[in-house]
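What follows is the content of model.cif, which has mmCIF, C-alpha atoms:
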```cif
data_model
loop_
_atom_site.group_PDB
_atom_site.id
_atom_site.type_symbol
_atom_site.label_atom_id
_atom_site.label_comp_id
_atom_site.auth_asym_id
_atom_site.auth_seq_id
_atom_site.Cartn_x
_atom_site.Cartn_y
_atom_site.Cartn_z
ATOM 1 C CA MET N 1 74.356 -26.740 13.698
ATOM 2 C CA ARG N 2 77.027 -28.656 15.640
ATOM 3 C CA ILE N 3 79.606 -27.920 12.933
ATOM 4 C CA VAL N 4 78.817 -24.207 13.033
ATOM 5 C CA SER N 5 79.015 -24.163 16.835
ATOM 6 C CA LEU N 6 82.354 -25.955 16.797
ATOM 7 C CA PHE N 7 83.687 -23.477 14.238
ATOM 8 C CA VAL N 8 82.622 -20.546 16.423
ATOM 9 C CA VAL N 9 84.307 -22.115 19.456
ATOM 10 C CA LEU N 10 87.538 -22.667 17.523
ATOM 11 C CA LEU N 11 87.526 -19.074 16.309
ATOM 12 C CA THR N 12 86.956 -17.841 19.859
ATOM 13 C CA LEU N 13 89.810 -19.946 21.223
ATOM 14 C CA ALA N 14 92.135 -18.757 18.474
ATOM 15 C CA ALA N 15 91.267 -15.137 19.196
ATOM 16 C CA CYS N 16 91.874 -15.616 22.903
ATOM 17 C CA SER N 17 95.230 -17.314 22.390
ATOM 18 C CA ALA N 18 96.617 -14.819 19.879
ATOM 19 C CA PRO N 19 98.741 -12.056 21.447
ATOM 20 C CA LYS N 20 96.903 -8.744 21.433
ATOM 21 C CA GLN N 21 98.856 -5.570 20.721
ATOM 22 C CA PHE N 22 98.154 -2.193 22.232
ATOM 23 C CA ARG N 23 97.539 -0.437 18.919
ATOM 24 C CA LYS N 24 97.222 -1.120 15.214
ATOM 25 C CA LEU N 25 100.626 -2.115 13.908
ATOM 26 C CA ASN N 26 102.189 -0.613 10.805
ATOM 27 C CA SER N 27 103.500 -2.837 8.015
ATOM 28 C CA GLU N 28 107.073 -2.877 9.371
ATOM 29 C CA GLU N 29 105.870 -3.890 12.831
ATOM 30 C CA LYS N 30 103.528 -6.560 11.500
ATOM 31 C CA SER N 31 106.302 -8.055 9.421
ATOM 32 C CA ALA N 32 108.736 -8.049 12.344
ATOM 33 C CA VAL N 33 106.249 -9.630 14.754
ATOM 34 C CA LYS N 34 105.426 -12.345 12.219
ATOM 35 C CA HIS N 35 109.102 -13.009 11.461
ATOM 36 C CA TYR N 36 110.330 -13.251 15.050
ATOM 37 C CA ARG N 37 107.302 -15.211 16.216
ATOM 38 C CA GLN N 38 108.295 -17.935 13.759
ATOM 39 C CA LEU N 39 111.765 -18.132 15.311
ATOM 40 C CA ILE N 40 110.501 -19.038 18.783
ATOM 41 C CA PRO N 41 110.666 -22.775 19.532
ATOM 42 C CA ALA N 42 107.163 -24.181 19.113
ATOM 43 C CA LYS N 43 107.185 -26.091 22.418
ATOM 44 C CA ASP N 44 108.648 -23.257 24.500
ATOM 45 C CA ASN N 45 105.952 -21.986 26.844
ATOM 46 C CA HIS N 46 107.754 -18.872 28.079
ATOM 47 C CA TYR N 47 106.666 -15.298 27.479
ATOM 48 C CA TYR N 48 108.557 -13.599 24.612
ATOM 49 C CA VAL N 49 108.772 -9.923 23.720
ATOM 50 C CA LEU N 50 110.094 -8.184 20.606
ATOM 51 C CA ILE N 51 112.068 -4.997 21.274
ATOM 52 C CA MET N 52 112.272 -2.940 18.106
ATOM 53 C CA THR N 53 114.813 -0.117 18.280
ATOM 54 C CA THR N 54 116.185 2.514 15.964
ATOM 55 C CA GLN N 55 119.373 0.405 15.858
ATOM 56 C CA GLY N 56 117.705 -2.939 15.109
ATOM 57 C CA ASN N 57 115.542 -5.612 16.713
ATOM 58 C CA MET N 58 115.975 -7.827 19.766
ATOM 59 C CA VAL N 59 113.919 -10.624 21.314
ATOM 60 C CA VAL N 60 113.820 -11.382 25.034
ATOM 61 C CA LYS N 61 112.477 -14.371 26.923
ATOM 62 C CA LEU N 62 110.973 -13.801 30.386
ATOM 63 C CA TYR N 63 111.622 -16.178 33.283
ATOM 64 C CA ASP N 64 108.822 -17.944 35.116
ATOM 65 C CA GLU N 65 111.058 -18.039 38.206
ATOM 66 C CA THR N 66 110.504 -14.279 38.655
ATOM 67 C CA PRO N 67 106.724 -13.960 38.225
ATOM 68 C CA LEU N 68 106.347 -10.506 39.785
ATOM 69 C CA HIS N 69 108.824 -8.961 37.351
ATOM 70 C CA ARG N 70 107.594 -11.067 34.429
ATOM 71 C CA ASP N 71 103.983 -10.008 34.892
ATOM 72 C CA ASN N 72 104.871 -6.371 35.541
ATOM 73 C CA PHE N 73 106.937 -6.206 32.353
ATOM 74 C CA MET N 74 104.321 -8.006 30.263
ATOM 75 C CA SER N 75 101.521 -5.750 31.463
ATOM 76 C CA LYS N 76 103.474 -2.676 30.425
ATOM 77 C CA VAL N 77 104.416 -4.126 27.035
ATOM 78 C CA GLN N 78 100.783 -5.005 26.373
ATOM 79 C CA ALA N 79 99.693 -1.500 27.379
ATOM 80 C CA GLY N 80 102.211 0.158 25.052
ATOM 81 C CA PHE N 81 104.052 1.780 27.952
ATOM 82 C CA TYR N 82 107.478 1.441 26.301
ATOM 83 C CA ASP N 83 106.448 2.885 22.938
ATOM 84 C CA SER N 84 108.998 5.563 21.896
ATOM 85 C CA LEU N 85 110.978 5.526 25.167
ATOM 86 C CA LEU N 86 114.762 5.847 25.089
ATOM 87 C CA PHE N 87 117.689 3.691 25.972
ATOM 88 C CA HIS N 88 118.918 6.613 28.018
ATOM 89 C CA ARG N 89 121.996 5.097 29.720
ATOM 90 C CA VAL N 90 124.511 3.171 27.633
ATOM 91 C CA ILE N 91 127.909 1.950 28.843
ATOM 92 C CA ASN N 92 130.031 -0.148 26.521
ATOM 93 C CA ASN N 93 131.314 -3.397 28.070
ATOM 94 C CA PHE N 94 128.599 -3.107 30.733
ATOM 95 C CA MET N 95 124.932 -2.676 29.811
ATOM 96 C CA ILE N 96 122.203 -0.640 28.103
ATOM 97 C CA GLN N 97 119.347 0.806 30.202
ATOM 98 C CA GLY N 98 115.960 2.229 29.301
ATOM 99 C CA GLY N 99 112.300 2.430 30.230
ATOM 100 C CA ASP N 100 112.088 5.852 31.900
ATOM 101 C CA PRO N 101 108.718 7.350 30.846
ATOM 102 C CA THR N 102 110.117 10.892 31.092
ATOM 103 C CA SER N 103 112.386 10.060 28.158
ATOM 104 C CA LYS N 104 109.509 9.884 25.678
ATOM 105 C CA ARG N 105 109.438 13.624 25.054
ATOM 106 C CA ALA N 106 112.802 14.530 26.551
ATOM 107 C CA THR N 107 114.947 17.029 24.720
ATOM 108 C CA SER N 108 118.703 16.582 24.557
ATOM 109 C CA GLU N 109 118.961 18.786 27.653
ATOM 110 C CA THR N 110 116.269 17.053 29.715
ATOM 111 C CA PRO N 111 117.623 14.932 32.604
ATOM 112 C CA VAL N 112 116.306 11.360 32.409
ATOM 113 C CA GLY N 113 116.716 8.257 34.509
ATOM 114 C CA SER N 114 114.625 8.897 37.606
ATOM 115 C CA GLY N 115 111.135 8.379 36.206
ATOM 116 C CA SER N 116 108.701 5.619 37.098
ATOM 117 C CA ALA N 117 105.329 4.328 35.941
ATOM 118 C CA PRO N 118 102.015 5.063 37.670
ATOM 119 C CA GLY N 119 100.872 2.529 40.256
ATOM 120 C CA GLN N 120 102.982 0.328 42.484
ATOM 121 C CA GLU N 121 106.214 2.253 42.975
ATOM 122 C CA ARG N 122 108.573 -0.715 43.311
ATOM 123 C CA ILE N 123 108.531 -4.424 42.524
ATOM 124 C CA PRO N 124 109.759 -6.651 45.387
ATOM 125 C CA ALA N 125 113.149 -8.196 44.710
ATOM 126 C CA GLU N 126 113.222 -11.692 43.198
ATOM 127 C CA LEU N 127 116.901 -12.573 43.509
ATOM 128 C CA LYS N 128 117.467 -16.091 42.184
ATOM 129 C CA THR N 129 121.203 -16.697 42.304
ATOM 130 C CA ASP N 130 120.459 -19.783 44.411
ATOM 131 C CA ILE N 131 118.968 -21.442 41.321
ATOM 132 C CA GLY N 132 121.585 -20.249 38.865
ATOM 133 C CA ILE N 133 120.030 -17.066 37.495
ATOM 134 C CA TYR N 134 123.001 -14.750 37.085
ATOM 135 C CA HIS N 135 123.949 -11.540 35.298
ATOM 136 C CA LYS N 136 125.286 -13.275 32.210
ATOM 137 C CA ARG N 137 125.739 -11.441 28.913
ATOM 138 C CA GLY N 138 122.225 -10.797 27.586
ATOM 139 C CA ALA N 139 120.560 -10.889 31.009
ATOM 140 C CA LEU N 140 117.401 -8.786 31.208
ATOM 141 C CA ALA N 141 117.277 -7.195 34.649
ATOM 142 C CA ALA N 142 115.420 -4.522 36.583
ATOM 143 C CA ALA N 143 117.045 -1.228 37.490
ATOM 144 C CA ARG N 144 116.569 0.131 40.993
ATOM 145 C CA ASP N 145 117.503 2.913 43.380
ATOM 146 C CA ASN N 146 119.446 2.361 46.592
ATOM 147 C CA ASN N 147 116.526 1.111 48.687
ATOM 148 C CA PRO N 148 117.627 -1.428 51.338
ATOM 149 C CA GLU N 149 115.145 -4.084 50.185
ATOM 150 C CA LYS N 150 116.728 -4.100 46.690
ATOM 151 C CA ALA N 151 113.239 -3.667 45.256
ATOM 152 C CA SER N 152 113.119 -2.873 41.553
ATOM 153 C CA SER N 153 111.937 0.035 39.472
ATOM 154 C CA ASN N 154 108.441 -0.627 38.180
ATOM 155 C CA CYS N 155 109.487 0.091 34.595
ATOM 156 C CA GLN N 156 113.204 0.680 34.041
ATOM 157 C CA PHE N 157 115.327 -2.252 32.908
ATOM 158 C CA TYR N 158 118.752 -3.035 31.517
ATOM 159 C CA ILE N 159 120.339 -5.671 29.311
ATOM 160 C CA VAL N 160 123.839 -6.834 30.214
ATOM 161 C CA GLN N 161 126.316 -6.431 27.340
ATOM 162 C CA ARG N 162 129.711 -7.240 28.909
ATOM 163 C CA PRO N 163 131.527 -9.918 26.832
ATOM 164 C CA ALA N 164 133.567 -12.782 28.248
ATOM 165 C CA TRP N 165 136.250 -11.998 30.817
ATOM 166 C CA ARG N 166 139.791 -13.227 30.684
ATOM 167 C CA GLN N 167 140.438 -15.293 33.789
ATOM 168 C CA SER N 168 143.021 -12.775 35.009
ATOM 169 C CA GLN N 169 140.482 -9.955 34.638
ATOM 170 C CA LEU N 170 137.861 -11.874 36.560
ATOM 171 C CA ASP N 171 140.321 -12.813 39.297
ATOM 172 C CA SER N 172 141.282 -9.162 39.689
ATOM 173 C CA THR N 173 137.629 -8.079 39.908
ATOM 174 C CA ILE N 174 136.877 -10.793 42.451
ATOM 175 C CA THR N 175 139.709 -9.499 44.625
ATOM 176 C CA GLN N 176 138.901 -5.813 44.195
ATOM 177 C CA ARG N 177 135.176 -6.183 44.824
ATOM 178 C CA LYS N 178 135.545 -8.978 47.380
ATOM 179 C CA LEU N 179 133.229 -11.250 45.414
ATOM 180 C CA THR N 180 132.487 -14.896 46.087
ATOM 181 C CA LEU N 181 131.803 -16.745 42.849
ATOM 182 C CA ASN N 182 131.106 -20.450 42.551
ATOM 183 C CA ALA N 183 132.527 -22.632 39.777
ATOM 184 C CA GLU N 184 129.398 -22.203 37.654
ATOM 185 C CA GLN N 185 129.640 -18.418 37.807
ATOM 186 C CA GLN N 186 133.352 -18.397 37.024
ATOM 187 C CA LYS N 187 132.810 -20.575 33.956
ATOM 188 C CA LEU N 188 129.849 -18.474 32.854
ATOM 189 C CA TYR N 189 131.675 -15.161 33.068
ATOM 190 C CA THR N 190 134.832 -16.406 31.342
ATOM 191 C CA THR N 191 132.946 -18.058 28.468
ATOM 192 C CA VAL N 192 129.705 -16.112 27.984
ATOM 193 C CA GLY N 193 130.406 -12.835 29.766
ATOM 194 C CA GLY N 194 128.351 -10.731 32.132
ATOM 195 C CA THR N 195 128.550 -8.586 35.255
ATOM 196 C CA PRO N 196 129.291 -10.733 38.325
ATOM 197 C CA HIS N 197 129.266 -7.866 40.816
ATOM 198 C CA LEU N 198 125.526 -7.374 40.200
ATOM 199 C CA ASP N 199 124.585 -10.922 41.216
ATOM 200 C CA GLY N 200 122.410 -10.901 44.310
ATOM 201 C CA ASN N 201 121.869 -7.156 44.096
ATOM 202 C CA TYR N 202 119.510 -6.713 41.136
ATOM 203 C CA THR N 203 116.707 -8.942 39.861
ATOM 204 C CA VAL N 204 117.351 -10.759 36.590
ATOM 205 C CA PHE N 205 113.964 -11.655 35.079
ATOM 206 C CA GLY N 206 114.761 -12.722 31.532
ATOM 207 C CA GLU N 207 117.366 -12.978 28.823
ATOM 208 C CA LEU N 208 118.138 -11.832 25.318
ATOM 209 C CA VAL N 209 117.750 -14.661 22.798
ATOM 210 C CA ILE N 210 117.984 -12.819 19.473
ATOM 211 C CA GLY N 211 119.822 -9.604 18.639
ATOM 212 C CA PHE N 212 123.199 -9.683 20.360
ATOM 213 C CA ASP N 213 124.620 -7.729 17.424
ATOM 214 C CA VAL N 214 122.021 -5.030 18.088
ATOM 215 C CA LEU N 215 122.880 -5.043 21.798
ATOM 216 C CA ASP N 216 126.531 -4.424 20.898
ATOM 217 C CA LYS N 217 125.607 -1.766 18.366
ATOM 218 C CA ILE N 218 123.616 0.176 20.946
ATOM 219 C CA ALA N 219 126.282 -0.311 23.625
ATOM 220 C CA THR N 220 129.006 1.103 21.381
ATOM 221 C CA THR N 221 127.050 4.144 20.222
ATOM 222 C CA LYS N 222 128.679 7.490 20.964
ATOM 223 C CA THR N 223 127.528 9.001 24.261
ATOM 224 C CA ARG N 224 127.645 12.361 25.982
ATOM 225 C CA PRO N 225 128.489 12.955 29.679
ATOM 226 C CA GLY N 226 126.019 10.983 31.785
ATOM 227 C CA ASP N 227 126.158 7.994 29.389
ATOM 228 C CA ARG N 228 123.227 9.122 27.267
ATOM 229 C CA PRO N 229 123.584 8.400 23.540
ATOM 230 C CA GLU N 230 124.209 11.497 21.428
ATOM 231 C CA ALA N 231 121.682 10.194 18.891
ATOM 232 C CA ASP N 232 118.448 9.002 20.506
ATOM 233 C CA VAL N 233 117.946 5.226 20.557
ATOM 234 C CA ARG N 234 114.200 4.639 20.863
ATOM 235 C CA MET N 235 112.264 1.448 21.488
ATOM 236 C CA ARG N 236 108.932 -0.166 20.715
ATOM 237 C CA MET N 237 107.850 -3.450 22.277
ATOM 238 C CA PHE N 238 105.401 -6.090 21.126
ATOM 239 C CA VAL N 239 104.207 -9.382 22.556
ATOM 240 C CA LEU N 240 105.400 -12.354 20.537
ATOM 241 C CA ARG N 241 104.079 -15.116 22.762
ATOM 242 C CA LYS N 242 102.081 -15.437 25.964
ATOM 243 C CA ARG N 243 101.641 -18.547 28.048
ATOM 244 C CA LYS N 244 99.454 -21.155 26.378
#
```
For the structure just supplied, provide its representation as structure tokens.
Amino acid sequence: MRIVSLFVVLLTLAACSAPKQFRKLNSEEKSAVKHYRQLIPAKDNHYYVLIMTTQGNMVVKLYDETPLHRDNFMSKVQAGFYDSLLFHRVINNFMIQGGDPTSKRATSETPVGSGSAPGQERIPAELKTDIGIYHKRGALAAARDNNPEKASSNCQFYIVQRPAWRQSQLDSTITQRKLTLNAEQQKLYTTVGGTPHLDGNYTVFGELVIGFDVLDKIATTKTRPGDRPEADVRMRMFVLRKRK
């Protein structure tokens, strides 16, 4: 009896710890989730999400230092909110943006980019430049409108694609935009890349860890006026790991 009870408990714990998806996955999705889950460091306790796109797959890690954005993003991934949405704004050497729910059924003539999810309209800003969270290449950040609190969209996000700057380029941008960058930022942007003028203005809540080639592929896709790709780039998202 004790052995049976222990077995039931173990099964229950395993079921509770396994990431639950919002719908039954097809064979391609199951294979991708299994593959990328194996690539996550075993001792890493962060939240991880697989972003499958029509141009390839990416994996992002979410930061614990921005819990409001982390939990908001995770809840939407788990609910299937991002299923079939577009990367609707793509600018090479800058970033790719998506997550507008109006893009799901948008025709090529439908304006997109101003939609939001039901519920809390904005997520309070969690700007963490003071602890070294910057807009480096691969940064996962929240889009926003021009509200004075710098609060974020409750669903739209972008991934920074800008490659490393030459020092002369960075110096020119610092002068033109009147930026103040510390030594850490200057090294980061001239070695890794990123968008320094966004630091302190938009919340970075995670980073790309797998799929930089896909990021570049999406960023360099041909676009029409308004920065929307001529050929739709759609996404699906799946939980790879939740906190243990």
Using all atoms listed in the file, the shortest atom-to-atom distance to Pro148 in chain N among N:Ser84, N:Asn201, N:Asn45, N:Asn26 belongs to N:Asn201
One decimal, Å: what's the distance from CA of Val192 in chain N over to CA of Ala125 in chain N, could you say?
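Rounded to one decimal, the two atoms are 24.8 Å apart.
Here CA of Ala139 in chain N stands at a distance of 18.5 Å from CA of Pro124 in chain N.
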Pick from N:His69, N:Arg166, N:Arg37, N:Arg236: nearest to Ser152 in chain N, with all atoms listed in the file counted?
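Between N:His69, N:Arg166, N:Arg37, N:Arg236, the residue approaching Ser152 in chain N most closely is N:His69.
Taking all atoms listed in the file into account, Val59 in chain N lies nearest to N:Leu140 out of the set N:Cys155, N:Leu140, N:Val160, N:Val112.
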